Structure formats: structure tokens, C-alpha cells
Amino acid sequence: MAALDDFNSDPAGTVAEALRTCNAAPRFAAEVLAGRPYPDTEAVVARAEQVARALPWGEVTLALAAHPRIGDRVAGASAEAEASRREQSAMSDADAEVRAALVEGNRAYEDRFEHVFLIRAAGRSPEEMLAELRRRLGNDVESERAEVMEQLAQITGLRVRGLVT
């Protein structure tokens, strides 16, 4: 998808497929599509983030399943894999100690919350992501769900912005 005009005018199935690479929750694409046509990039990004923040937890867990662990080497040629590699590009600079701590932290997080640790990696250093992982391990379940939903909304917004610009 090259631009907002294409996003607004391409067949719904084509746009839905592209939107699913931004957020894999089942209702996400349909709810964003329902707002077409959008007047500008900011409007579609705002709607995408709004939809992501309002998803029921069951759909959030489906979206989480499409995200790799922070620090994992992402394989594959899918649009989701390419986005994850771009977003986690700072991990290529992480030293062995930080990588090992992220592996250990991811394991502890998944044991505690029963889903992958999700954070908007774009614009963050490996050390910042590790600090956030450690901080969030202290959250209760409801607080962590709220943080996960906010991170999912931010990631979704970044991906949708890339889709329509």
C-alpha cells in the first residue's frame, strides 16, 4: 500500500490484509476499514490507535501471538517479520549481557503474565527495553494489561503510519 489515497480506495480485502500486518486482532481491520475514507494520515493513525486501545483482552492476546519476543532474531519474509526487524533494529547493538538478561527477563515475564512481553521497540535502546521489562515484572495483572494495550496501540499506530505514507 503506497499512500492514503490507495488506503481509502483499494478494495476492502486488500486493505484488510495490509491492516492485519499492523495488528492481528480479528476485529481491528474491520473497525479501521469502517472509517474510510480518512481525510489524512493523522486521522487513520488516530483511529487505528483508538481501535487497538479498545480491543477486548481476548483479541489482544491474539494480536500478541503475532509479535516476537524482544531480542529474538526475527526470521521470515512476511510484512510482520519485516516490521519487527525494523522496530527492533537497535537490538543489533545489544551486548551479550543485555541479550542474556532479555532472554531471562522474557522467560520470567511469560511465566508471570502468560504472554509475550510487548513494548514499542522503535526509538528505544536495548538497555531501555530491558529496564522496562524489569519494571513491568512488578506490575499486577490489570496494570500490566493496560500497559500492554498501550504498547500495542503505539506499535499499531507506527505500522499504520508506515502503511499510509
# chains A, B, ... in the order shown; residues from 1 in each chain; ligands from 1

$ residues_around --residues "Leu55 in chain A" --least-positions-apart "4" --cutoff "9 Å" --atoms "only C-alpha atoms" --output "list in words"
Ala25, Arg27, Phe28, Gln50, Val51, Glu59, Val60 and Met149 of chain A

$ write_last_selection --atoms "C-alpha atoms" --output "CSV table (one decimal), in the first residue's frame"
chain,number,residue,atom,x,y,z
A,25,ALA,CA,-6.6,-8.9,16.3
A,27,ARG,CA,-11.8,-7.0,14.7
A,28,PHE,CA,-9.0,-4.5,14.2
A,50,GLN,CA,-8.2,4.1,19.2
A,51,VAL,CA,-9.4,0.7,17.9
A,59,GLU,CA,-8.3,-10.2,20.9
A,60,VAL,CA,-5.2,-8.5,22.4
A,149,MET,CA,-2.7,-2.4,25.4

$ residues_around --residues "range 35-41 of chain A" --least-positions-apart "3" --cutoff "10 Å" --atoms "only C-alpha atoms" --output "ChimeraX atom specification"
/A:3-5,7-9,12,30-32,44-48,160-165

$ write_last_selection --atoms "N, CA, C and O atoms" --output "mmCIF file, in the first residue's frame"
data_model
loop_
_atom_site.group_PDB
_atom_site.id
_atom_site.type_symbol
_atom_site.label_atom_id
_atom_site.label_comp_id
_atom_site.auth_asym_id
_atom_site.auth_seq_id
_atom_site.Cartn_x
_atom_site.Cartn_y
_atom_site.Cartn_z
ATOM 1 N N ALA A 3 -0.027 4.784 -0.326
ATOM 2 C CA ALA A 3 -0.400 6.096 0.175
ATOM 3 C C ALA A 3 -1.820 6.083 0.713
ATOM 4 O O ALA A 3 -2.564 5.116 0.534
ATOM 5 N N LEU A 4 -2.179 7.176 1.334
ATOM 6 C CA LEU A 4 -3.515 7.316 1.898
ATOM 7 C C LEU A 4 -4.590 7.149 0.835
ATOM 8 O O LEU A 4 -5.624 6.514 1.085
ATOM 9 N N ASP A 5 -4.358 7.679 -0.366
ATOM 10 C CA ASP A 5 -5.354 7.537 -1.441
ATOM 11 C C ASP A 5 -5.618 6.071 -1.740
ATOM 12 O O ASP A 5 -6.773 5.659 -1.906
ATOM 13 N N PHE A 7 -5.106 3.565 0.347
ATOM 14 C CA PHE A 7 -5.752 3.027 1.543
ATOM 15 C C PHE A 7 -7.260 3.293 1.494
ATOM 16 O O PHE A 7 -8.064 2.424 1.829
ATOM 17 N N ASN A 8 -7.621 4.488 1.074
ATOM 18 C CA ASN A 8 -9.032 4.865 1.022
ATOM 19 C C ASN A 8 -9.793 4.220 -0.130
ATOM 20 O O ASN A 8 -10.994 4.004 -0.029
ATOM 21 N N SER A 9 -9.114 3.904 -1.235
ATOM 22 C CA SER A 9 -9.839 3.468 -2.434
ATOM 23 C C SER A 9 -9.634 2.009 -2.830
ATOM 24 O O SER A 9 -10.447 1.470 -3.588
ATOM 25 N N ALA A 12 -11.644 -3.470 -0.083
ATOM 26 C CA ALA A 12 -11.603 -3.716 1.360
ATOM 27 C C ALA A 12 -10.732 -4.919 1.713
ATOM 28 O O ALA A 12 -9.985 -4.878 2.694
ATOM 29 N N ALA A 30 -11.454 -4.638 10.391
ATOM 30 C CA ALA A 30 -12.832 -4.263 10.040
ATOM 31 C C ALA A 30 -13.211 -2.913 10.639
ATOM 32 O O ALA A 30 -13.852 -2.091 9.975
ATOM 33 N N GLU A 31 -12.807 -2.680 11.883
ATOM 34 C CA GLU A 31 -13.177 -1.421 12.526
ATOM 35 C C GLU A 31 -12.442 -0.229 11.926
ATOM 36 O O GLU A 31 -13.000 0.853 11.820
ATOM 37 N N VAL A 32 -11.195 -0.426 11.519
ATOM 38 C CA VAL A 32 -10.472 0.675 10.867
ATOM 39 C C VAL A 32 -11.040 0.907 9.468
ATOM 40 O O VAL A 32 -11.256 2.048 9.052
ATOM 41 N N VAL A 44 -6.301 8.417 10.179
ATOM 42 C CA VAL A 44 -6.281 6.951 10.129
ATOM 43 C C VAL A 44 -5.408 6.388 11.248
ATOM 44 O O VAL A 44 -5.759 5.376 11.875
ATOM 45 N N VAL A 45 -4.293 7.033 11.560
ATOM 46 C CA VAL A 45 -3.438 6.577 12.655
ATOM 47 C C VAL A 45 -4.189 6.705 13.979
ATOM 48 O O VAL A 45 -4.169 5.781 14.810
ATOM 49 N N ALA A 46 -4.867 7.824 14.189
ATOM 50 C CA ALA A 46 -5.631 8.014 15.427
ATOM 51 C C ALA A 46 -6.718 6.950 15.564
ATOM 52 O O ALA A 46 -6.920 6.394 16.651
ATOM 53 N N ARG A 47 -7.409 6.649 14.467
ATOM 54 C CA ARG A 47 -8.455 5.617 14.523
ATOM 55 C C ARG A 47 -7.842 4.248 14.820
ATOM 56 O O ARG A 47 -8.386 3.481 15.620
ATOM 57 N N ALA A 48 -6.725 3.931 14.202
ATOM 58 C CA ALA A 48 -6.074 2.644 14.438
ATOM 59 C C ALA A 48 -5.676 2.502 15.904
ATOM 60 O O ALA A 48 -5.890 1.449 16.516
ATOM 61 N N VAL A 160 0.657 1.475 10.999
ATOM 62 C CA VAL A 160 -0.367 2.064 10.109
ATOM 63 C C VAL A 160 0.195 3.308 9.435
ATOM 64 O O VAL A 160 -0.015 3.524 8.240
ATOM 65 N N ARG A 161 0.914 4.122 10.177
ATOM 66 C CA ARG A 161 1.532 5.323 9.580
ATOM 67 C C ARG A 161 2.441 4.909 8.412
ATOM 68 O O ARG A 161 2.415 5.513 7.342
ATOM 69 N N GLY A 162 3.222 3.874 8.608
ATOM 70 C CA GLY A 162 4.091 3.392 7.536
ATOM 71 C C GLY A 162 3.308 2.866 6.340
ATOM 72 O O GLY A 162 3.760 2.964 5.200
ATOM 73 N N LEU A 163 2.130 2.356 6.609
ATOM 74 C CA LEU A 163 1.287 1.806 5.561
ATOM 75 C C LEU A 163 0.707 2.901 4.667
ATOM 76 O O LEU A 163 0.567 2.713 3.459
ATOM 77 N N VAL A 164 0.356 4.040 5.261
ATOM 78 C CA VAL A 164 -0.369 5.064 4.507
ATOM 79 C C VAL A 164 0.476 6.251 4.098
ATOM 80 O O VAL A 164 -0.042 7.224 3.537
ATOM 81 N N THR A 165 1.792 6.217 4.374
ATOM 82 C CA THR A 165 2.635 7.345 3.950
ATOM 83 C C THR A 165 3.687 6.864 2.979
ATOM 84 O O THR A 165 3.916 5.689 2.813
#

$ residues_around --residues "Gly138 in chain A" --least-positions-apart "5" --cutoff "10 Å" --atoms "only C-alpha atoms" --output "ChimeraX atom specification"
/A:109,112,133,143-144

$ write_last_selection --atoms "N, CA and C atoms" --output "short mmCIF file (atom, residue, chain, number, x, y, z; two decimals), in the first residue's frame"
data_model
loop_
_atom_site.label_atom_id
_atom_site.label_comp_id
_atom_site.auth_asym_id
_atom_site.auth_seq_id
_atom_site.Cartn_x
_atom_site.Cartn_y
_atom_site.Cartn_z
N TYR A 109 8.83 -13.01 32.57
CA TYR A 109 7.61 -12.27 32.21
C TYR A 109 6.53 -13.24 31.71
N ARG A 112 5.05 -15.21 34.43
CA ARG A 112 4.18 -14.40 35.30
C ARG A 112 2.87 -14.00 34.61
N LEU A 133 11.21 -3.91 30.91
CA LEU A 133 10.84 -5.30 31.19
C LEU A 133 10.93 -5.56 32.69
N SER A 143 -2.73 -3.90 35.79
CA SER A 143 -1.84 -2.80 35.39
C SER A 143 -1.03 -3.20 34.16
N GLU A 144 -0.58 -4.44 34.15
CA GLU A 144 0.22 -4.89 33.01
C GLU A 144 -0.62 -4.97 31.75
#

$ closest_residue --among "A:Phe113, A:Arg120, A:Arg134, A:Ala34" --to "Ala153 in chain A" --atoms "only C-alpha atoms"
A:Arg120

$ atom_distance --atom1 "CA of Leu118 in chain A" --atom2 "CA of Glu147 in chain A"
8.8 Å

$ atom_distance --atom1 "CA of Gly71 in chain A" --atom2 "CA of Arg136 in chain A"
16.6 Å
